[in-house]
file upload.txt (compact mmCIF, C-alpha atoms)
# COMPACT_ATOMS: atom_id res chain seq x y z
CA MET A 1 72.45 -102.64 1.40
CA SER A 2 75.49 -104.86 1.18
CA GLU A 3 77.15 -106.10 -1.96
CA LYS A 4 76.01 -109.61 -1.04
CA THR A 5 72.38 -108.48 -1.17
CA ALA A 6 72.94 -107.13 -4.67
CA SER A 7 74.14 -110.51 -5.97
CA PHE A 8 72.54 -113.22 -8.11
CA ARG A 9 71.30 -114.97 -4.97
CA GLY A 10 69.94 -111.68 -3.69
CA GLY A 11 68.02 -111.28 -6.93
CA LEU A 12 66.52 -114.75 -6.57
CA LEU A 13 65.38 -113.97 -3.03
CA ALA A 14 64.01 -110.55 -4.00
CA ALA A 15 61.96 -112.23 -6.75
CA LEU A 16 59.95 -114.35 -4.29
CA PRO A 17 56.97 -111.93 -4.18
CA ILE A 18 56.93 -111.89 -7.98
CA VAL A 19 57.18 -115.69 -8.15
CA MET A 20 54.26 -116.03 -5.74
CA GLY A 21 52.21 -113.74 -7.94
CA TYR A 22 53.32 -115.08 -11.34
CA PHE A 23 52.84 -118.80 -10.78
CA PRO A 24 49.06 -118.80 -10.09
CA ILE A 25 48.39 -116.26 -12.86
CA ALA A 26 50.43 -118.31 -15.32
CA PHE A 27 48.52 -121.39 -14.16
CA SER A 28 45.32 -119.55 -15.06
CA PHE A 29 46.76 -118.72 -18.48
CA GLY A 30 47.70 -122.35 -19.13
CA VAL A 31 44.15 -123.40 -18.27
CA ALA A 32 42.65 -120.66 -20.46
CA ALA A 33 44.93 -121.55 -23.38
CA THR A 34 43.93 -125.21 -23.40
CA ARG A 35 40.28 -124.21 -23.00
CA ALA A 36 40.65 -122.03 -26.11
CA GLY A 37 41.85 -125.02 -28.10
CA LEU A 38 45.62 -124.73 -27.90
CA GLY A 39 47.71 -127.80 -27.24
CA GLN A 40 49.77 -128.13 -24.09
CA ALA A 41 53.05 -127.55 -25.92
CA GLU A 42 51.58 -124.53 -27.75
CA ALA A 43 50.46 -122.95 -24.47
CA VAL A 44 53.90 -123.39 -22.91
CA MET A 45 55.59 -122.08 -26.06
CA LEU A 46 53.55 -118.86 -25.85
CA SER A 47 54.97 -118.20 -22.39
CA LEU A 48 58.48 -119.25 -23.39
CA VAL A 49 58.63 -116.95 -26.41
CA ILE A 50 56.20 -114.08 -25.80
CA TYR A 51 56.46 -113.85 -21.98
CA ALA A 52 54.12 -110.87 -21.80
CA GLY A 53 51.90 -111.47 -18.79
CA ALA A 54 48.47 -109.94 -19.23
CA SER A 55 49.12 -109.40 -22.94
CA GLN A 56 49.15 -113.17 -23.42
CA PHE A 57 45.53 -113.31 -22.25
CA LEU A 58 44.72 -110.58 -24.78
CA ALA A 59 46.53 -112.51 -27.52
CA LEU A 60 44.52 -115.57 -26.61
CA SER A 61 41.25 -113.64 -26.84
CA LEU A 62 42.19 -112.11 -30.18
CA VAL A 63 43.24 -115.42 -31.71
CA ALA A 64 40.23 -117.28 -30.31
CA GLY A 65 37.97 -114.50 -31.60
CA GLY A 66 39.28 -114.91 -35.14
CA ALA A 67 41.35 -111.73 -35.32
CA PRO A 68 43.98 -111.68 -38.10
CA VAL A 69 47.47 -112.60 -36.94
CA LEU A 70 48.88 -109.20 -37.96
CA VAL A 71 46.20 -107.37 -35.97
CA ALA A 72 46.97 -109.48 -32.92
CA ALA A 73 50.72 -108.94 -33.35
CA PHE A 74 50.49 -105.16 -33.68
CA THR A 75 48.11 -104.93 -30.73
CA LEU A 76 50.59 -106.79 -28.54
CA ILE A 77 53.45 -104.62 -29.76
CA ALA A 78 51.48 -101.46 -28.95
CA MET A 79 50.64 -102.74 -25.47
CA ASN A 80 54.24 -103.70 -24.69
CA VAL A 81 56.17 -100.85 -26.30
CA ARG A 82 56.52 -99.36 -22.80
CA HIS A 83 59.21 -101.96 -22.07
CA VAL A 84 61.57 -100.03 -24.36
CA LEU A 85 61.69 -97.31 -21.70
CA TYR A 86 62.45 -99.61 -18.75
CA GLY A 87 66.13 -100.12 -19.51
CA PRO A 88 67.04 -96.43 -19.90
CA ALA A 89 65.01 -95.52 -16.79
CA LEU A 90 66.78 -98.20 -14.75
CA MET A 91 70.23 -97.13 -16.00
CA LYS A 92 69.49 -93.51 -15.14
CA GLU A 93 68.53 -94.49 -11.58
CA ALA A 94 71.60 -96.73 -11.27
CA GLY A 95 73.95 -93.87 -12.11
CA GLN A 96 77.66 -94.74 -12.33
CA ASP A 97 77.00 -98.30 -11.14
CA GLY A 98 74.80 -98.99 -14.17
CA SER A 99 76.84 -101.65 -15.98
CA ARG A 100 75.51 -102.60 -19.44
CA ARG A 101 77.95 -105.38 -20.30
CA TYR A 102 75.34 -108.14 -20.17
CA ALA A 103 72.25 -105.98 -20.64
CA TRP A 104 71.45 -107.83 -23.87
CA ALA A 105 70.72 -110.90 -21.70
CA TRP A 106 69.15 -109.68 -18.43
CA ALA A 107 67.04 -107.01 -20.15
CA TRP A 108 64.89 -109.87 -21.51
CA GLY A 109 63.49 -110.27 -18.00
CA LEU A 110 62.43 -106.63 -17.52
CA THR A 111 58.72 -107.14 -17.02
CA ASP A 112 56.60 -104.56 -15.21
CA GLU A 113 57.06 -106.30 -11.88
CA VAL A 114 60.79 -106.98 -12.27
CA PHE A 115 61.35 -103.36 -13.26
CA GLY A 116 59.33 -102.16 -10.28
CA GLN A 117 61.26 -104.41 -7.87
CA ALA A 118 64.65 -103.35 -9.28
CA LEU A 119 63.73 -99.67 -9.20
CA GLY A 120 62.50 -100.02 -5.64
CA ALA A 121 65.78 -101.64 -4.57
CA LEU A 122 67.76 -98.76 -6.07
CA ALA A 123 65.47 -96.22 -4.40
CA ARG A 124 66.21 -97.89 -1.05
CA GLY A 125 69.96 -97.42 -1.54
CA GLN A 126 71.02 -100.73 -3.09
CA ARG A 127 73.82 -100.57 -5.64
CA PHE A 128 73.04 -101.80 -9.13
CA SER A 129 74.28 -105.30 -9.98
CA GLU A 130 73.87 -107.26 -13.20
CA GLY A 131 74.00 -110.47 -11.17
CA TYR A 132 71.05 -109.23 -9.13
CA MET A 133 69.13 -108.46 -12.33
CA PHE A 134 69.85 -111.97 -13.67
CA GLY A 135 68.54 -113.57 -10.48
CA LEU A 136 65.47 -111.35 -10.35
CA GLY A 137 64.55 -111.88 -14.00
CA LEU A 138 65.36 -115.60 -14.15
CA ALA A 139 63.24 -116.50 -11.12
CA ALA A 140 60.28 -114.56 -12.51
CA TYR A 141 60.63 -116.12 -15.96
CA ILE A 142 60.90 -119.69 -14.66
CA SER A 143 57.86 -119.24 -12.42
CA TRP A 144 55.79 -117.92 -15.33
CA VAL A 145 56.72 -120.74 -17.69
CA ALA A 146 56.33 -123.38 -14.96
CA GLY A 147 52.92 -122.04 -13.97
CA THR A 148 51.79 -122.12 -17.60
CA ALA A 149 52.97 -125.70 -17.97
CA VAL A 150 51.15 -126.86 -14.83
CA GLY A 151 47.96 -125.08 -15.93
CA ALA A 152 48.15 -126.45 -19.46
CA PHE A 153 48.58 -130.03 -18.24
CA ALA A 154 45.80 -129.55 -15.68
CA GLY A 155 43.45 -128.90 -18.59
CA GLY A 156 40.83 -126.37 -19.62
CA GLY A 157 38.32 -127.42 -16.96
CA ALA A 158 40.68 -127.17 -13.98
CA LEU A 159 39.04 -124.03 -12.56
CA ASP A 160 35.42 -124.72 -13.53
CA GLY A 161 34.51 -125.72 -9.99
CA TRP A 162 36.30 -122.72 -8.46
CA PRO A 163 34.74 -119.52 -9.92
CA ALA A 164 35.91 -117.34 -7.00
CA VAL A 165 39.50 -118.52 -7.43
CA SER A 166 39.32 -117.90 -11.18
CA ALA A 167 38.05 -114.36 -10.62
CA GLY A 168 40.78 -113.65 -8.05
CA LEU A 169 43.54 -114.85 -10.37
CA ASP A 170 42.39 -112.35 -12.99
CA PHE A 171 43.21 -109.49 -10.60
CA MET A 172 46.44 -110.79 -9.09
CA LEU A 173 48.79 -109.42 -11.76
CA SER A 174 47.35 -105.92 -11.44
CA ALA A 175 47.44 -106.15 -7.64
CA LEU A 176 51.09 -107.26 -7.67
CA PHE A 177 52.21 -104.38 -9.86
CA LEU A 178 50.15 -101.90 -7.81
CA ALA A 179 51.88 -103.09 -4.63
CA LEU A 180 55.31 -102.60 -6.22
CA LEU A 181 54.27 -99.18 -7.51
CA LEU A 182 53.12 -98.04 -4.07
CA SER A 183 56.45 -99.10 -2.56
CA ILE A 184 58.31 -96.52 -4.67
CA LEU A 185 55.60 -93.86 -4.85
CA SER A 186 56.85 -90.32 -4.38
CA ARG A 187 55.20 -86.92 -4.36
CA ALA A 188 57.01 -85.97 -7.56
CA ALA A 189 55.58 -88.98 -9.42
CA LEU A 190 52.01 -88.51 -8.17
CA PRO A 191 50.80 -86.05 -10.90
CA ALA A 192 51.96 -88.38 -13.71
CA ILE A 193 50.28 -91.37 -12.04
CA VAL A 194 47.00 -89.48 -11.60
CA ILE A 195 47.03 -88.35 -15.24
CA ALA A 196 47.78 -91.90 -16.42
CA VAL A 197 44.92 -93.32 -14.33
CA VAL A 198 42.43 -90.71 -15.58
CA ALA A 199 43.45 -91.28 -19.22
CA THR A 200 43.16 -95.06 -18.79
CA VAL A 201 39.70 -94.83 -17.25
CA LEU A 202 38.40 -92.39 -19.88
CA GLY A 203 39.86 -94.39 -22.76
CA THR A 204 38.36 -97.62 -21.41
CA VAL A 205 34.92 -96.12 -20.73
CA PHE A 206 34.53 -94.28 -24.03
CA TRP A 207 36.44 -96.64 -26.36
CA SER A 208 37.93 -99.94 -25.23
CA GLY A 209 40.33 -101.50 -22.75
CA THR A 210 43.14 -101.52 -25.31
CA VAL A 211 42.66 -97.81 -26.07
CA GLY A 212 42.54 -97.09 -22.35
CA ILE A 213 45.84 -98.84 -21.71
CA LEU A 214 47.54 -97.04 -24.61
CA ALA A 215 46.11 -93.67 -23.53
CA GLY A 216 47.28 -94.21 -19.97
CA MET A 217 50.80 -95.16 -21.03
CA ILE A 218 51.18 -92.23 -23.44
CA CYS A 219 49.64 -89.58 -21.17
CA GLY A 220 51.52 -90.83 -18.12
CA ALA A 221 54.83 -90.83 -20.01
CA LEU A 222 54.25 -87.33 -21.38
CA ALA A 223 53.24 -86.06 -17.95
CA GLY A 224 56.35 -87.59 -16.40
CA MET A 225 58.58 -86.03 -19.07
CA ALA A 226 56.93 -82.65 -18.62
CA GLY A 227 57.34 -82.86 -14.85
CA GLY A 228 61.01 -83.77 -15.20
CA LEU A 229 61.67 -80.91 -17.63
CA LEU A 230 59.87 -78.36 -15.47
CA GLY A 231 61.62 -79.61 -12.35
CA GLY A 232 65.02 -79.31 -14.03
CA LEU A 233 64.15 -75.82 -15.30
CA PHE A 234 63.19 -74.57 -11.84
CA ARG A 235 66.26 -76.15 -10.24
CA GLY A 236 68.44 -74.50 -12.86
CA ARG A 237 66.95 -71.10 -12.11
CA GLY A 238 67.35 -71.66 -8.38

call {"tool": "encode", "arguments": {"input": "upload.txt", "output": "structure tokens"}}
result
Amino acid sequence: MSEKTASFRGGLLAALPIVMGYFPIAFSFGVAATRAGLGQAEAVMLSLVIYAGASQFLALSLVAGGAPVLVAAFTLIAMNVRHVLYGPALMKEAGQDGSRRYAWAWAWGLTDEVFGQALGALARGQRFSEGYMFGLGLAAYISWVAGTAVGAFAGGGALDGWPAVSAGLDFMLSALFLALLLSILSRAALPAIVIAVVATVLGTVFWSGTVGILAGMICGALAGMAGGLLGGLFRGRG
């Protein structure tokens, strides 16, 4: 791809699929937050500060269910600790083009979907650009906050007459990330993905959704590391 494509404007344009997915899901969160008793400003502030996608729905459920604040906080941290790995993984894929000068700023926008989109662009031959990352992350962030605001001001009963729409919105975030994952799927990554899926399903069935997510992340990461080490060992012997 050209240098122009890897610019701030290119990042904004590349974020359009994420924006189209984020806005309706954030709208659903804004509605759910006001239904749970939060004020409009409080709902928007959650998206402004936490900006954690599906984890915000979990936080809402925990708080509404009377869970202690510390329990809710540590649960969210455990669910989102995977984001610590996104930056190093992206820099490794970027190679010598991986500038870190403004990483302290654009790394804030590294959600699952933004990471997947950026990784996919690199896999397709695009050179890494911090401007591109700013555009990609900023568009996604604005759409999430804006969607939350619209949903919060629409009120807690906005989706009561649309049960099918409400059910569809619950799946959109997972569907969006799955689509991005499939776009960069490779044979080498397949074993780690399968192990992560199996661990997630088993953890969810026998314990809880939270345990399933944690099990999937840990097992998938360990499987990926093991695959990388074994692959490097065999290449070294060859």

call {"tool": "closest_residue", "arguments": {"input": "upload.txt", "among": "A:Gly21, A:Gly30, A:Pro88, A:Gly155", "to": "Leu60 (chain A)", "atoms": "all atoms listed in the file"}}
result
A:Gly30

call {"tool": "atom_distance", "arguments": {"input": "upload.txt", "atom1": "CA of Met79 (chain A)", "atom2": "CA of Trp104 (chain A)"}}
result
21.5 Å

call {"tool": "residues_around", "arguments": {"input": "upload.txt", "residues": "Val81 (chain A)", "least_positions_apart": "2", "cutoff": "12 Å", "atoms": "only C-alpha atoms", "output": "JSON, numbers by chain"}}
result
{"A": [52, 55, 74, 75, 76, 77, 78, 79, 83, 84, 85, 86, 111, 112, 213, 214, 217, 218, 221]}

call {"tool": "write_last_selection", "arguments": {"input": "upload.txt", "atoms": "C-alpha atoms", "output": "mmCIF file, in the coordinates of the input"}}
result
data_model
loop_
_atom_site.group_PDB
_atom_site.id
_atom_site.type_symbol
_atom_site.label_atom_id
_atom_site.label_comp_id
_atom_site.auth_asym_id
_atom_site.auth_seq_id
_atom_site.Cartn_x
_atom_site.Cartn_y
_atom_site.Cartn_z
ATOM 1 C CA ALA A 52 54.120 -110.870 -21.800
ATOM 2 C CA SER A 55 49.120 -109.400 -22.940
ATOM 3 C CA PHE A 74 50.490 -105.160 -33.680
ATOM 4 C CA THR A 75 48.110 -104.930 -30.730
ATOM 5 C CA LEU A 76 50.590 -106.790 -28.540
ATOM 6 C CA ILE A 77 53.450 -104.620 -29.760
ATOM 7 C CA ALA A 78 51.480 -101.460 -28.950
ATOM 8 C CA MET A 79 50.640 -102.740 -25.470
ATOM 9 C CA HIS A 83 59.210 -101.960 -22.070
ATOM 10 C CA VAL A 84 61.570 -100.030 -24.360
ATOM 11 C CA LEU A 85 61.690 -97.310 -21.700
ATOM 12 C CA TYR A 86 62.450 -99.610 -18.750
ATOM 13 C CA THR A 111 58.720 -107.140 -17.020
ATOM 14 C CA ASP A 112 56.600 -104.560 -15.210
ATOM 15 C CA ILE A 213 45.840 -98.840 -21.710
ATOM 16 C CA LEU A 214 47.540 -97.040 -24.610
ATOM 17 C CA MET A 217 50.800 -95.160 -21.030
ATOM 18 C CA ILE A 218 51.180 -92.230 -23.440
ATOM 19 C CA ALA A 221 54.830 -90.830 -20.010
#

call {"tool": "closest_residue", "arguments": {"input": "upload.txt", "among": "A:Trp108, A:Phe206, A:Phe8, A:Phe27", "to": "Tyr141 (chain A)", "atoms": "only C-alpha atoms"}}
result
A:Trp108

call {"tool": "atom_distance", "arguments": {"input": "upload.txt", "atom1": "CA of Ala199 (chain A)", "atom2": "CA of Gly216 (chain A)"}}
result
4.9 Å

call {"tool": "atom_distance", "arguments": {"input": "upload.txt", "atom1": "CA of Val194 (chain A)", "atom2": "CA of Ile18 (chain A)"}}
result
24.8 Å

call {"tool": "residues_around", "arguments": {"input": "upload.txt", "residues": "Phe57 (chain A)", "least_positions_apart": "5", "cutoff": "12 Å", "atoms": "all atoms listed in the file", "output": "ChimeraX atom specification"}}
result
/A:25-33,36,43,46-47,50-52,62-64,72,76,148,170,173

call {"tool": "write_last_selection", "arguments": {"input": "upload.txt", "atoms": "C-alpha atoms", "output": "tab-separated table (two decimals), keeping the file's coordinate frame"}}
result
chain	number	residue	atom	x	y	z
A	25	ILE	CA	48.39	-116.26	-12.86
A	26	ALA	CA	50.43	-118.31	-15.32
A	27	PHE	CA	48.52	-121.39	-14.16
A	28	SER	CA	45.32	-119.55	-15.06
A	29	PHE	CA	46.76	-118.72	-18.48
A	30	GLY	CA	47.70	-122.35	-19.13
A	31	VAL	CA	44.15	-123.40	-18.27
A	32	ALA	CA	42.65	-120.66	-20.46
A	33	ALA	CA	44.93	-121.55	-23.38
A	36	ALA	CA	40.65	-122.03	-26.11
A	43	ALA	CA	50.46	-122.95	-24.47
A	46	LEU	CA	53.55	-118.86	-25.85
A	47	SER	CA	54.97	-118.20	-22.39
A	50	ILE	CA	56.20	-114.08	-25.80
A	51	TYR	CA	56.46	-113.85	-21.98
A	52	ALA	CA	54.12	-110.87	-21.80
A	62	LEU	CA	42.19	-112.11	-30.18
A	63	VAL	CA	43.24	-115.42	-31.71
A	64	ALA	CA	40.23	-117.28	-30.31
A	72	ALA	CA	46.97	-109.48	-32.92
A	76	LEU	CA	50.59	-106.79	-28.54
A	148	THR	CA	51.79	-122.12	-17.60
A	170	ASP	CA	42.39	-112.35	-12.99
A	173	LEU	CA	48.79	-109.42	-11.76

call {"tool": "residues_around", "arguments": {"input": "upload.txt", "residues": "Trp106 (chain A)", "least_positions_apart": "4", "cutoff": "10 Å", "atoms": "all atoms listed in the file", "output": "mmCIF file with C-alpha atoms, in the coordinates of the input"}}
result
data_model
loop_
_atom_site.group_PDB
_atom_site.id
_atom_site.type_symbol
_atom_site.label_atom_id
_atom_site.label_comp_id
_atom_site.auth_asym_id
_atom_site.auth_seq_id
_atom_site.Cartn_x
_atom_site.Cartn_y
_atom_site.Cartn_z
ATOM 1 C CA ARG A 100 75.510 -102.600 -19.440
ATOM 2 C CA ARG A 101 77.950 -105.380 -20.300
ATOM 3 C CA TYR A 102 75.340 -108.140 -20.170
ATOM 4 C CA LEU A 110 62.430 -106.630 -17.520
ATOM 5 C CA GLU A 130 73.870 -107.260 -13.200
ATOM 6 C CA GLY A 131 74.000 -110.470 -11.170
ATOM 7 C CA TYR A 132 71.050 -109.230 -9.130
ATOM 8 C CA MET A 133 69.130 -108.460 -12.330
ATOM 9 C CA PHE A 134 69.850 -111.970 -13.670
ATOM 10 C CA GLY A 135 68.540 -113.570 -10.480
ATOM 11 C CA LEU A 136 65.470 -111.350 -10.350
ATOM 12 C CA GLY A 137 64.550 -111.880 -14.000
ATOM 13 C CA LEU A 138 65.360 -115.600 -14.150
#
